[in-house]
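Visitor: This is work_25.txt, which holds compact mmCIF, C-alpha atoms:
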# COMPACT_ATOMS: atom_id res chain seq x y z
CA MET K 1 171.49 22.23 308.30
CA ALA K 2 171.27 22.77 312.03
CA LYS K 3 167.59 22.31 312.59
CA PHE K 4 166.30 18.97 311.58
CA GLY K 5 163.13 19.08 313.54
CA LYS K 6 161.46 22.04 312.01
CA ARG K 7 160.60 21.58 308.46
CA LYS K 8 159.83 24.83 306.85
CA ARG K 9 157.63 24.95 303.91
CA SER K 10 159.89 26.74 301.55
CA SER K 11 160.36 26.54 297.83
CA GLN K 12 163.98 25.39 298.22
CA GLN K 13 163.94 21.93 299.73
CA LYS K 14 167.13 20.40 300.99
CA ILE K 15 168.38 17.30 299.26
CA ASN K 16 168.34 14.31 301.50
CA THR K 17 171.97 13.26 301.88
CA SER K 18 171.47 10.47 304.35
CA SER K 19 172.18 7.84 301.69
CA LEU K 20 175.49 9.44 300.77
CA PRO K 21 177.47 7.54 303.43
CA ASP K 22 175.95 4.31 302.16
CA ILE K 23 177.08 4.99 298.63
CA VAL K 24 180.51 6.04 299.78
CA PHE K 25 180.81 2.95 301.95
CA MET K 26 179.88 0.76 299.04
CA LEU K 27 182.63 2.30 296.95
CA LEU K 28 184.97 2.04 299.90
CA PHE K 29 184.36 -1.69 300.27
CA PHE K 30 184.85 -2.22 296.57
CA PHE K 31 188.24 -0.58 296.67
CA MET K 32 189.20 -2.29 299.92
CA VAL K 33 188.49 -5.68 298.41
CA SER K 34 190.13 -5.01 295.07
CA THR K 35 193.20 -3.30 296.48
CA THR K 36 196.51 -4.99 296.63
CA MET K 37 199.16 -2.88 298.20
CA LYS K 38 202.30 -2.26 296.28
CA GLU K 39 204.62 -4.98 297.47
CA VAL K 40 207.99 -3.54 296.71
CA THR K 41 209.64 -0.30 295.84
CA MET K 42 211.12 -0.61 292.42
CA MET K 43 214.84 -0.22 292.28
CA VAL K 44 215.19 -1.12 288.65
CA LYS K 45 213.69 0.60 285.66
CA ILE K 46 211.33 -1.67 283.79
CA GLN K 47 209.60 -0.92 280.57
CA SER K 48 207.57 -4.03 279.91
CA PRO K 49 207.51 -5.36 276.38
CA GLU K 50 204.17 -5.56 274.63
CA ALA K 51 202.53 -8.73 273.46
CA SER K 52 199.11 -9.56 272.06
CA GLU K 53 198.56 -13.03 273.49
CA VAL K 54 198.97 -12.29 277.17
CA THR K 55 196.91 -13.99 279.82
CA LYS K 56 196.07 -12.70 283.26
CA LEU K 57 197.90 -14.01 286.26
CA GLU K 58 195.25 -15.04 288.70
CA GLN K 59 195.61 -15.26 292.44
CA LYS K 60 198.35 -12.90 293.34
CA SER K 61 199.21 -14.84 296.46
CA LEU K 62 200.64 -17.60 294.28
CA VAL K 63 202.91 -15.33 292.30
CA SER K 64 206.49 -14.41 293.14
CA TYR K 65 208.22 -11.72 291.19
CA ILE K 66 211.70 -11.35 289.80
CA TYR K 67 212.53 -7.92 288.47
CA VAL K 68 215.26 -7.36 285.93
CA GLY K 69 216.34 -4.05 284.53
CA LEU K 70 218.76 -1.18 284.71
CA PRO K 71 219.22 0.28 288.20
CA LEU K 72 217.43 3.56 288.82
CA ASN K 73 220.54 5.02 290.34
CA THR K 74 222.99 4.28 287.56
CA LYS K 75 225.80 6.32 289.11
CA LYS K 76 225.84 4.22 292.21
CA TYR K 77 224.99 0.80 290.88
CA GLY K 78 226.38 0.89 287.38
CA SER K 79 224.62 0.64 284.06
CA GLU K 80 224.45 -3.13 283.84
CA PRO K 81 221.04 -4.79 284.21
CA ARG K 82 220.44 -5.93 287.77
CA ILE K 83 218.08 -8.41 289.36
CA GLN K 84 215.80 -7.26 292.12
CA LEU K 85 214.20 -9.65 294.60
CA ASN K 86 211.90 -8.13 297.18
CA ASP K 87 213.49 -4.86 298.17
CA SER K 88 217.13 -5.43 297.35
CA TYR K 89 219.45 -6.15 294.50
CA ALA K 90 220.46 -9.75 294.12
CA THR K 91 222.52 -12.03 291.97
CA VAL K 92 221.47 -15.12 290.09
CA ASP K 93 222.78 -17.30 292.93
CA ASP K 94 220.29 -15.75 295.36
CA ILE K 95 217.29 -16.78 293.27
CA GLU K 96 217.27 -20.37 294.43
CA ASN K 97 217.11 -19.36 298.09
CA TYR K 98 214.52 -16.72 297.32
CA ILE K 99 212.26 -19.26 295.65
CA ILE K 100 212.65 -21.73 298.51
CA GLN K 101 211.81 -18.98 300.96
CA GLU K 102 208.77 -17.88 298.98
CA ARG K 103 207.60 -21.44 298.73
CA ASP K 104 207.92 -21.94 302.48
CA ASN K 105 205.69 -18.93 303.05
CA MET K 106 202.89 -20.50 301.05
CA LYS K 107 200.26 -22.90 302.16
CA GLU K 108 201.20 -26.48 301.53
CA SER K 109 198.35 -27.01 299.11
CA ASP K 110 199.31 -23.95 297.08
CA ARG K 111 202.95 -24.82 296.59
CA PRO K 112 202.58 -26.79 293.35
CA LYS K 113 200.65 -23.89 291.83
CA MET K 114 203.39 -21.39 292.53
CA THR K 115 204.13 -19.15 289.58
CA VAL K 116 207.19 -16.99 289.10
CA SER K 117 206.65 -13.87 287.08
CA ILE K 118 209.73 -12.51 285.37
CA LYS K 119 209.32 -8.80 284.98
CA ALA K 120 212.11 -7.69 282.75
CA ASP K 121 212.88 -4.58 280.81
CA TYR K 122 212.44 -5.01 277.06
CA ASP K 123 216.07 -4.20 276.38
CA VAL K 124 217.63 -6.73 278.77
CA GLN K 125 219.91 -9.25 277.13
CA MET K 126 218.69 -12.81 277.07
CA GLY K 127 221.82 -14.02 278.85
CA THR K 128 220.51 -12.68 282.15
CA ILE K 129 217.08 -14.18 281.55
CA THR K 130 218.60 -17.52 280.63
CA ASP K 131 220.62 -17.55 283.85
CA ILE K 132 217.46 -16.82 285.80
CA LYS K 133 215.63 -19.59 284.01
CA GLN K 134 218.37 -22.07 284.81
CA ALA K 135 218.28 -21.00 288.46
CA LEU K 136 214.51 -21.46 288.52
CA ARG K 137 214.86 -24.91 287.04
CA LYS K 138 217.33 -25.77 289.79
CA ALA K 139 214.86 -24.48 292.38
CA GLN K 140 212.08 -26.59 290.83
CA ALA K 141 209.97 -23.53 290.13
CA LEU K 142 208.87 -24.49 286.65
CA LYS K 143 205.73 -22.44 286.21
CA ILE K 144 206.83 -19.08 284.94
CA SER K 145 205.30 -16.13 283.23
CA TYR K 146 207.06 -13.61 281.06
CA SER K 147 205.45 -10.40 282.12
CA ALA K 148 204.21 -8.26 279.25
CA ARG K 149 201.66 -5.58 278.66
CA LYS K 150 198.68 -6.18 276.47
CA ALA K 151 199.42 -4.64 273.13
CA VAL K 152 196.94 -2.06 271.96
CA LYS K 153 195.97 -2.75 268.40
CA MET M 1 158.11 7.87 328.58
CA SER M 2 156.10 10.36 326.78
CA LYS M 3 157.42 11.59 323.52
CA LYS M 4 157.30 15.27 323.26
CA LYS M 5 158.87 15.57 319.90
CA GLU M 6 160.54 13.20 317.42
CA SER M 7 163.35 11.13 318.90
CA PRO M 8 166.66 13.00 318.51
CA GLU M 9 168.66 11.90 315.49
CA ILE M 10 172.34 11.18 315.68
CA ASN M 11 174.25 13.57 313.54
CA ALA M 12 175.60 11.33 310.82
CA SER M 13 176.99 14.01 308.59
CA SER M 14 180.57 13.29 309.67
CA LEU M 15 180.17 9.64 308.75
CA ALA M 16 180.34 10.60 305.11
CA ASP M 17 183.55 12.52 305.73
CA ILE M 18 185.19 9.59 307.46
CA ALA M 19 184.13 7.24 304.72
CA PHE M 20 185.39 9.65 302.07
CA LEU M 21 188.74 9.86 303.79
CA LEU M 22 189.10 6.09 303.79
CA LEU M 23 187.85 5.91 300.24
CA ILE M 24 190.43 8.39 299.03
CA PHE M 25 193.16 6.52 300.85
CA PHE M 26 192.25 3.27 299.12
CA LEU M 27 191.84 5.00 295.77
CA VAL M 28 195.38 6.28 296.02
CA ALA M 29 196.83 3.05 297.34
CA THR M 30 195.12 0.84 294.79
CA THR M 31 196.99 -0.68 291.92
CA MET M 32 194.26 -2.04 289.76
CA SER M 33 196.30 -3.47 286.96
CA THR M 34 196.63 -7.18 287.34
CA ASP M 35 199.82 -8.64 286.07
CA THR M 36 199.64 -10.07 282.58
CA GLY M 37 202.13 -12.21 280.78
CA LEU M 38 202.90 -15.25 278.69
CA ALA M 39 202.69 -18.38 280.80
CA ARG M 40 205.30 -21.06 280.17
CA MET M 41 206.51 -24.24 281.77
CA LEU M 42 210.23 -24.75 282.14
CA PRO M 43 211.55 -28.25 281.56
CA PRO M 44 212.72 -29.94 284.75
CA ILE M 45 216.42 -30.53 285.08
CA LEU M 46 217.11 -34.11 284.21
CA PRO M 47 219.99 -36.06 285.62
CA ASN M 48 222.42 -37.04 282.89
CA THR M 49 220.26 -39.05 280.58
CA ASN M 50 221.76 -37.88 277.37
CA ASP M 51 222.08 -41.34 275.88
CA ASP M 52 218.49 -42.38 276.67
CA VAL M 53 216.75 -39.52 274.93
CA PRO M 54 215.10 -40.82 271.80
CA PRO M 55 216.06 -38.76 268.79
CA ILE M 56 213.29 -36.67 267.32
CA LYS M 57 212.89 -36.83 263.58
CA GLU M 58 213.88 -33.70 261.80
CA ARG M 59 210.51 -33.28 260.15
CA ASN M 60 208.87 -33.08 263.57
CA VAL M 61 210.95 -30.18 264.80
CA PHE M 62 210.27 -26.54 264.09
CA GLN M 63 213.59 -25.03 264.97
CA VAL M 64 213.62 -21.31 265.68
CA ASN M 65 216.91 -19.58 266.40
CA ILE M 66 217.41 -16.00 267.47
CA ASN M 67 220.84 -14.45 267.10
CA TYR M 68 222.36 -11.53 268.94
CA LYS M 69 221.15 -9.16 266.23
CA ASN M 70 217.60 -10.36 266.93
CA GLN M 71 217.33 -12.02 263.54
CA LEU M 72 215.39 -15.23 263.13
CA LEU M 73 216.38 -18.49 261.58
CA VAL M 74 213.43 -20.82 261.09
CA ARG M 75 214.23 -24.38 260.01
CA GLY M 76 217.45 -23.22 258.49
CA GLU M 77 215.92 -20.32 256.58
CA TRP M 78 216.05 -16.67 257.39
CA CYS M 79 212.60 -15.43 258.35
CA GLU M 80 210.87 -12.21 259.31
CA ILE M 81 208.90 -12.03 262.53
CA GLY M 82 205.77 -11.22 260.55
CA GLN M 83 205.86 -14.56 258.73
CA LEU M 84 206.57 -16.62 261.80
CA LYS M 85 202.97 -17.13 262.87
CA GLU M 86 201.83 -18.40 259.48
CA ARG M 87 204.79 -20.74 259.22
CA ALA M 88 204.24 -22.05 262.73
CA LYS M 89 200.55 -22.63 262.00
CA GLU M 90 201.34 -24.47 258.82
CA PHE M 91 203.86 -26.57 260.67
CA ILE M 92 201.63 -27.48 263.60
CA ALA M 93 198.53 -28.28 261.58
CA ASN M 94 200.24 -29.69 258.46
CA PRO M 95 197.01 -29.48 256.46
CA LYS M 96 198.37 -31.04 253.26
CA ASP M 97 200.32 -33.84 254.97
CA ALA M 98 203.55 -32.62 253.44
CA ALA M 99 206.54 -34.91 253.79
CA ASP M 100 208.76 -32.35 255.45
CA LEU M 101 206.14 -31.33 258.01
CA PRO M 102 205.32 -33.35 261.11
CA GLU M 103 203.91 -36.85 261.12
CA LYS M 104 200.45 -37.51 262.42
CA THR M 105 199.06 -40.33 264.44
CA GLU M 106 195.43 -41.21 264.78
CA THR M 107 194.32 -40.60 268.34
CA GLU M 108 190.95 -40.90 269.94
CA ILE M 109 189.84 -37.61 271.37
CA PRO M 110 186.82 -37.33 273.67
CA LEU M 111 183.88 -35.40 272.16
CA ILE M 112 185.50 -35.29 268.72
CA GLY M 113 186.39 -38.87 267.94
CA ASN M 114 189.41 -40.02 266.01
CA TYR M 115 191.63 -37.23 264.84
CA MET M 116 195.03 -37.08 263.20
CA VAL M 117 197.20 -35.43 265.83
CA SER M 118 200.49 -34.03 264.66
CA LYS M 119 203.70 -34.77 266.51
CA GLY M 120 205.29 -31.41 265.89
CA VAL M 121 207.51 -29.80 268.47
CA ILE M 122 208.63 -26.21 268.41
CA SER M 123 212.15 -25.73 269.60
CA LEU M 124 213.33 -22.27 270.47
CA GLN M 125 216.93 -21.37 270.89
CA ASN M 126 218.39 -17.98 271.57
CA ASP M 127 221.74 -16.37 271.87
CA ARG M 128 222.77 -14.83 275.16
CA GLY M 129 223.08 -11.51 273.41
CA SER M 130 219.60 -11.34 271.94
CA GLN M 131 217.21 -8.76 273.22
CA TYR M 132 214.48 -9.82 275.64
CA ASN M 133 211.87 -8.02 273.59
CA ALA M 134 212.76 -9.98 270.45
CA TYR M 135 212.56 -13.23 272.37
CA LEU M 136 209.19 -12.30 273.79
CA GLN M 137 207.85 -11.35 270.36
CA VAL M 138 208.80 -14.78 269.06
CA GLN M 139 207.12 -16.45 272.03
CA ASN M 140 204.11 -14.26 271.38
CA GLU M 141 203.89 -15.23 267.71
CA LEU M 142 204.15 -18.92 268.55
CA GLN M 143 201.45 -18.52 271.18
CA ALA M 144 199.33 -16.70 268.63
CA ALA M 145 199.76 -19.58 266.19
CA TYR M 146 198.49 -22.07 268.76
CA ASN M 147 195.66 -19.81 269.86
CA GLU M 148 194.46 -19.28 266.30
CA LEU M 149 194.58 -22.97 265.44
CA ARG M 150 192.65 -23.83 268.58
CA ASP M 151 190.14 -21.15 267.81
CA GLU M 152 189.63 -22.37 264.25
CA LEU M 153 189.17 -25.93 265.42
CA ALA M 154 186.71 -24.87 268.08
CA LYS M 155 184.69 -23.02 265.48
CA THR M 156 184.50 -25.96 263.09
CA LYS M 157 183.85 -28.62 265.73
CA PHE M 158 181.81 -26.81 268.36
CA HIS M 159 180.61 -23.76 266.40
CA HIS M 160 181.82 -21.19 268.89
CA PRO M 161 185.18 -19.65 269.70
CA TYR M 162 187.70 -21.40 271.92
CA ALA M 163 187.21 -18.94 274.74
CA ASP M 164 183.53 -19.89 275.00
CA CYS M 165 184.16 -23.63 275.09
CA SER M 166 183.45 -25.65 278.18
CA ASP M 167 186.34 -27.21 280.07
CA GLU M 168 185.84 -30.61 278.42
CA GLU M 169 185.82 -29.05 274.96
CA GLN M 170 188.94 -27.07 275.75
CA ASP M 171 190.66 -30.20 276.99
CA ALA M 172 189.76 -32.02 273.78
CA ILE M 173 191.17 -29.22 271.69
CA LYS M 174 194.28 -29.07 273.82
CA LYS M 175 194.81 -32.74 273.10
CA ILE M 176 194.73 -32.09 269.38
CA TYR M 177 196.94 -29.03 269.58
CA PRO M 178 199.08 -29.47 272.68
CA GLN M 179 201.34 -26.53 273.24
CA ARG M 180 204.78 -27.94 272.77
CA ILE M 181 207.34 -25.20 272.85
CA SER M 182 210.62 -26.51 274.10
CA GLU M 183 213.41 -24.21 275.03
CA ALA M 184 216.77 -25.67 274.25
CA GLU M 185 219.76 -25.27 276.48
CA PRO M 186 221.24 -21.84 275.85
CA LYS M 187 224.19 -21.37 273.57
CA ASP M 188 226.70 -18.63 273.45
CA TYR M 189 227.56 -18.14 269.83
CA LYS M 190 229.80 -15.16 270.36
CA LYS M 191 232.34 -16.98 272.46
CA LYS M 192 232.85 -19.79 270.00
In structure tokens, what does this structure look like?
Guide:
Amino acid sequence: MAKFGKRKRSSQQKINTSSLPDIVFMLLFFFMVSTTMKEVTMMVKIQSPEASEVTKLEQKSLVSYIYVGLPLNTKKYGSEPRIQLNDSYATVDDIENYIIQERDNMKESDRPKMTVSIKADYDVQMGTITDIKQALRKAQALKISYSARKAVK
Amino acid sequence: MSKKKESPEINASSLADIAFLLLIFFLVATTMSTDTGLARMLPPILPNTNDDVPPIKERNVFQVNINYKNQLLVRGEWCEIGQLKERAKEFIANPKDAADLPEKTETEIPLIGNYMVSKGVISLQNDRGSQYNAYLQVQNELQAAYNELRDELAKTKFHHPYADCSDEEQDAIKKIYPQRISEAEPKDYKKK
């Protein structure tokens, strides 16, 4: 490796690795572009339900998330389903403010396209979801998506 | 300057290491899975206009109820989730113009021409105690019914599946089969 200048005529030639950084950089850029950092630490346990007709949510910057599920620490927070907004537990009353805040953070032209994704555990009772939906209606966030995994046939 | 030997090369072997380090960091930090889900529009909250709402004829409504045991009631009959898609399809398309299935009005559709568009509305009502999964499965079946009808129509009219249609063709098909799933105000059956 040390001597580049002298090229010995030997039967074992060294493989030219000068293109390796290029390849690695290409991969690196691919991952840099496609990466979205994990936004929040999950504080609720969510096992998404499966569905066959799901569509992809495009443009992550337009999507706000509402997480619903059992708390991870059931001893401390009880065994009732809780709502998580950003990094903290919240109640249904907080949703309206959360949506207004999220909407303010968006570009003006993007605001009508705002989508709220409800990520709920499959075993949550509909009462909680209904309350969330009513709160979203009050906050004028009408585009929603029920998060689900693509079912494997 | 006289060149004695080849110009000295910069040692680039550490470049690969640096790039690898960054690459591994991004590999670990990446979450590739994009979020998927069933997209829906919520109805806007209307100020009290209860008396102005025109009544919808019973034949135009496909009423689906889910109770707290996750059982389904479709148009007053008990129904399994497996049959829901077929029933919804039959309701939306109304191929035989049955009297108890939705009315149709002739509408001019771009690219297709006049077509009998049905007035059917799917109304979904759930109990507060029903399971989220059951609700989502019902939504999924209804979505599947619409998707299949649109796909069938695309194949007969444009000779390729709905997903391959151009935007204008998709719009035309959406006009024939508009997705009308209304979610009624929630009811709490247990408390009554």
Visitor: Could you check the closest approach to Asp167 in chain M for each of M:Ala145, M:Arg40, M:Pro110, M:Asn11 and tell me which residue wins, using all atoms listed in the file?
Guide: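 Using all atoms listed in the file, Asp167 in chain M sits closest to M:Pro110.
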Visitor: Give the residues of chain M that lie within 9 Å of chain K; count all atoms listed in the file, and format the answer as a PDB file with C-alpha atoms, in the coordinates of the input.
Guide:
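Listed below is the output, result_25.pdb:
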ATOM      1  CA  LYS M   5     158.870  15.570 319.900  1.00  0.00           C
ATOM      2  CA  GLU M   6     160.540  13.200 317.420  1.00  0.00           C
ATOM      3  CA  PRO M   8     166.660  13.000 318.510  1.00  0.00           C
ATOM      4  CA  GLU M   9     168.660  11.900 315.490  1.00  0.00           C
ATOM      5  CA  ALA M  12     175.600  11.330 310.820  1.00  0.00           C
ATOM      6  CA  SER M  13     176.990  14.010 308.590  1.00  0.00           C
ATOM      7  CA  LEU M  15     180.170   9.640 308.750  1.00  0.00           C
ATOM      8  CA  ALA M  16     180.340  10.600 305.110  1.00  0.00           C
ATOM      9  CA  ASP M  17     183.550  12.520 305.730  1.00  0.00           C
ATOM     10  CA  ILE M  18     185.190   9.590 307.460  1.00  0.00           C
ATOM     11  CA  ALA M  19     184.130   7.240 304.720  1.00  0.00           C
ATOM     12  CA  PHE M  20     185.390   9.650 302.070  1.00  0.00           C
ATOM     13  CA  LEU M  22     189.100   6.090 303.790  1.00  0.00           C
ATOM     14  CA  LEU M  23     187.850   5.910 300.240  1.00  0.00           C
ATOM     15  CA  ILE M  24     190.430   8.390 299.030  1.00  0.00           C
ATOM     16  CA  PHE M  26     192.250   3.270 299.120  1.00  0.00           C
ATOM     17  CA  LEU M  27     191.840   5.000 295.770  1.00  0.00           C
ATOM     18  CA  ALA M  29     196.830   3.050 297.340  1.00  0.00           C
ATOM     19  CA  THR M  30     195.120   0.840 294.790  1.00  0.00           C
ATOM     20  CA  THR M  31     196.990  -0.680 291.920  1.00  0.00           C
ATOM     21  CA  MET M  32     194.260  -2.040 289.760  1.00  0.00           C
ATOM     22  CA  THR M  34     196.630  -7.180 287.340  1.00  0.00           C
ATOM     23  CA  ASP M  35     199.820  -8.640 286.070  1.00  0.00           C
ATOM     24  CA  THR M  36     199.640 -10.070 282.580  1.00  0.00           C
ATOM     25  CA  GLY M  37     202.130 -12.210 280.780  1.00  0.00           C
ATOM     26  CA  LEU M  38     202.900 -15.250 278.690  1.00  0.00           C
ATOM     27  CA  ALA M  39     202.690 -18.380 280.800  1.00  0.00           C
ATOM     28  CA  ARG M  40     205.300 -21.060 280.170  1.00  0.00           C
ATOM     29  CA  MET M  41     206.510 -24.240 281.770  1.00  0.00           C
ATOM     30  CA  LEU M  42     210.230 -24.750 282.140  1.00  0.00           C
ATOM     31  CA  PRO M  43     211.550 -28.250 281.560  1.00  0.00           C
ATOM     32  CA  PRO M  44     212.720 -29.940 284.750  1.00  0.00           C
ATOM     33  CA  ILE M  45     216.420 -30.530 285.080  1.00  0.00           C
ATOM     34  CA  TYR M  68     222.360 -11.530 268.940  1.00  0.00           C
ATOM     35  CA  ASN M 126     218.390 -17.980 271.570  1.00  0.00           C
ATOM     36  CA  ASP M 127     221.740 -16.370 271.870  1.00  0.00           C
ATOM     37  CA  ARG M 128     222.770 -14.830 275.160  1.00  0.00           C
ATOM     38  CA  GLY M 129     223.080 -11.510 273.410  1.00  0.00           C
ATOM     39  CA  SER M 130     219.600 -11.340 271.940  1.00  0.00           C
ATOM     40  CA  GLN M 131     217.210  -8.760 273.220  1.00  0.00           C
ATOM     41  CA  TYR M 132     214.480  -9.820 275.640  1.00  0.00           C
ATOM     42  CA  ASN M 133     211.870  -8.020 273.590  1.00  0.00           C
ATOM     43  CA  ALA M 134     212.760  -9.980 270.450  1.00  0.00           C
ATOM     44  CA  TYR M 135     212.560 -13.230 272.370  1.00  0.00           C
ATOM     45  CA  LEU M 136     209.190 -12.300 273.790  1.00  0.00           C
ATOM     46  CA  GLN M 137     207.850 -11.350 270.360  1.00  0.00           C
ATOM     47  CA  ASN M 140     204.110 -14.260 271.380  1.00  0.00           C
ATOM     48  CA  GLU M 141     203.890 -15.230 267.710  1.00  0.00           C
ATOM     49  CA  GLN M 143     201.450 -18.520 271.180  1.00  0.00           C
ATOM     50  CA  ALA M 144     199.330 -16.700 268.630  1.00  0.00           C
ATOM     51  CA  ASN M 147     195.660 -19.810 269.860  1.00  0.00           C
ATOM     52  CA  GLU M 185     219.760 -25.270 276.480  1.00  0.00           C
ATOM     53  CA  PRO M 186     221.240 -21.840 275.850  1.00  0.00           C
ATOM     54  CA  ASP M 188     226.700 -18.630 273.450  1.00  0.00           C
TER      55      ASP M 188
END
Visitor: CA of Ser64 in chain K and CA of Met114 in chain K are how many Å apart?
Guide: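 Atom-to-atom, CA of Ser64 in chain K to CA of Met114 in chain K, that is 7.7 Å.
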Visitor: Figure out the distance between CA of Leu46 in chain M and CA of Gln125 in chain M, please, to one decimal in Å.
Guide: 18.4 Å
Visitor: Counting all atoms listed in the file, which residue out of M:Thr156, M:Asn60, M:Ser182, M:Asn65 sits closest to Ala99 in chain M?
Guide: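 Closest to Ala99 in chain M, using all atoms listed in the file: M:Asn60.
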Visitor: Which residues come within 10 Å of Val64 in chain M, counting all atoms listed in the file, excluding same-chain residues fewer than 6 positions away, as a list of chain:residue names?
Guide: M:Leu72, M:Leu73, M:Val74, M:Arg75, M:Gly76, M:Glu77, M:Trp78, M:Cys79, M:Leu84, M:Ala88, M:Ile122, M:Ser123, M:Leu124, M:Gln125, M:Asn126, M:Val138, M:Glu183
Visitor: From the list K:Ser109, K:Gln84, K:Gln13, K:Gln101, which residue is nearest Ile132 in chain K when using only C-alpha atoms?
Guide: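 Between K:Ser109, K:Gln84, K:Gln13, K:Gln101, the residue approaching Ile132 in chain K most closely is K:Gln84.
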Visitor: CA of Glu106 in chain M and CA of Leu153 in chain M are how many Å apart?
Guide: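 Separation between CA of Glu106 in chain M and CA of Leu153 in chain M: 16.5 Å.
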Visitor: From the options K:Asn16, K:Tyr89, K:Asn97, K:Gly78, which residue's atoms come nearest to Met42 in chain K, counting all atoms listed in the file?
Guide: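 Counting all atoms listed in the file, the residue closest to Met42 in chain K is K:Tyr89.
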Visitor: Between M:His160, M:Tyr177, M:Ile66, M:Tyr115, which has the minimum distance to Ile92 in chain M (counting all atoms listed in the file)?
Guide: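 Comparing M:His160, M:Tyr177, M:Ile66, M:Tyr115 against Ile92 in chain M, the winner is M:Tyr177.
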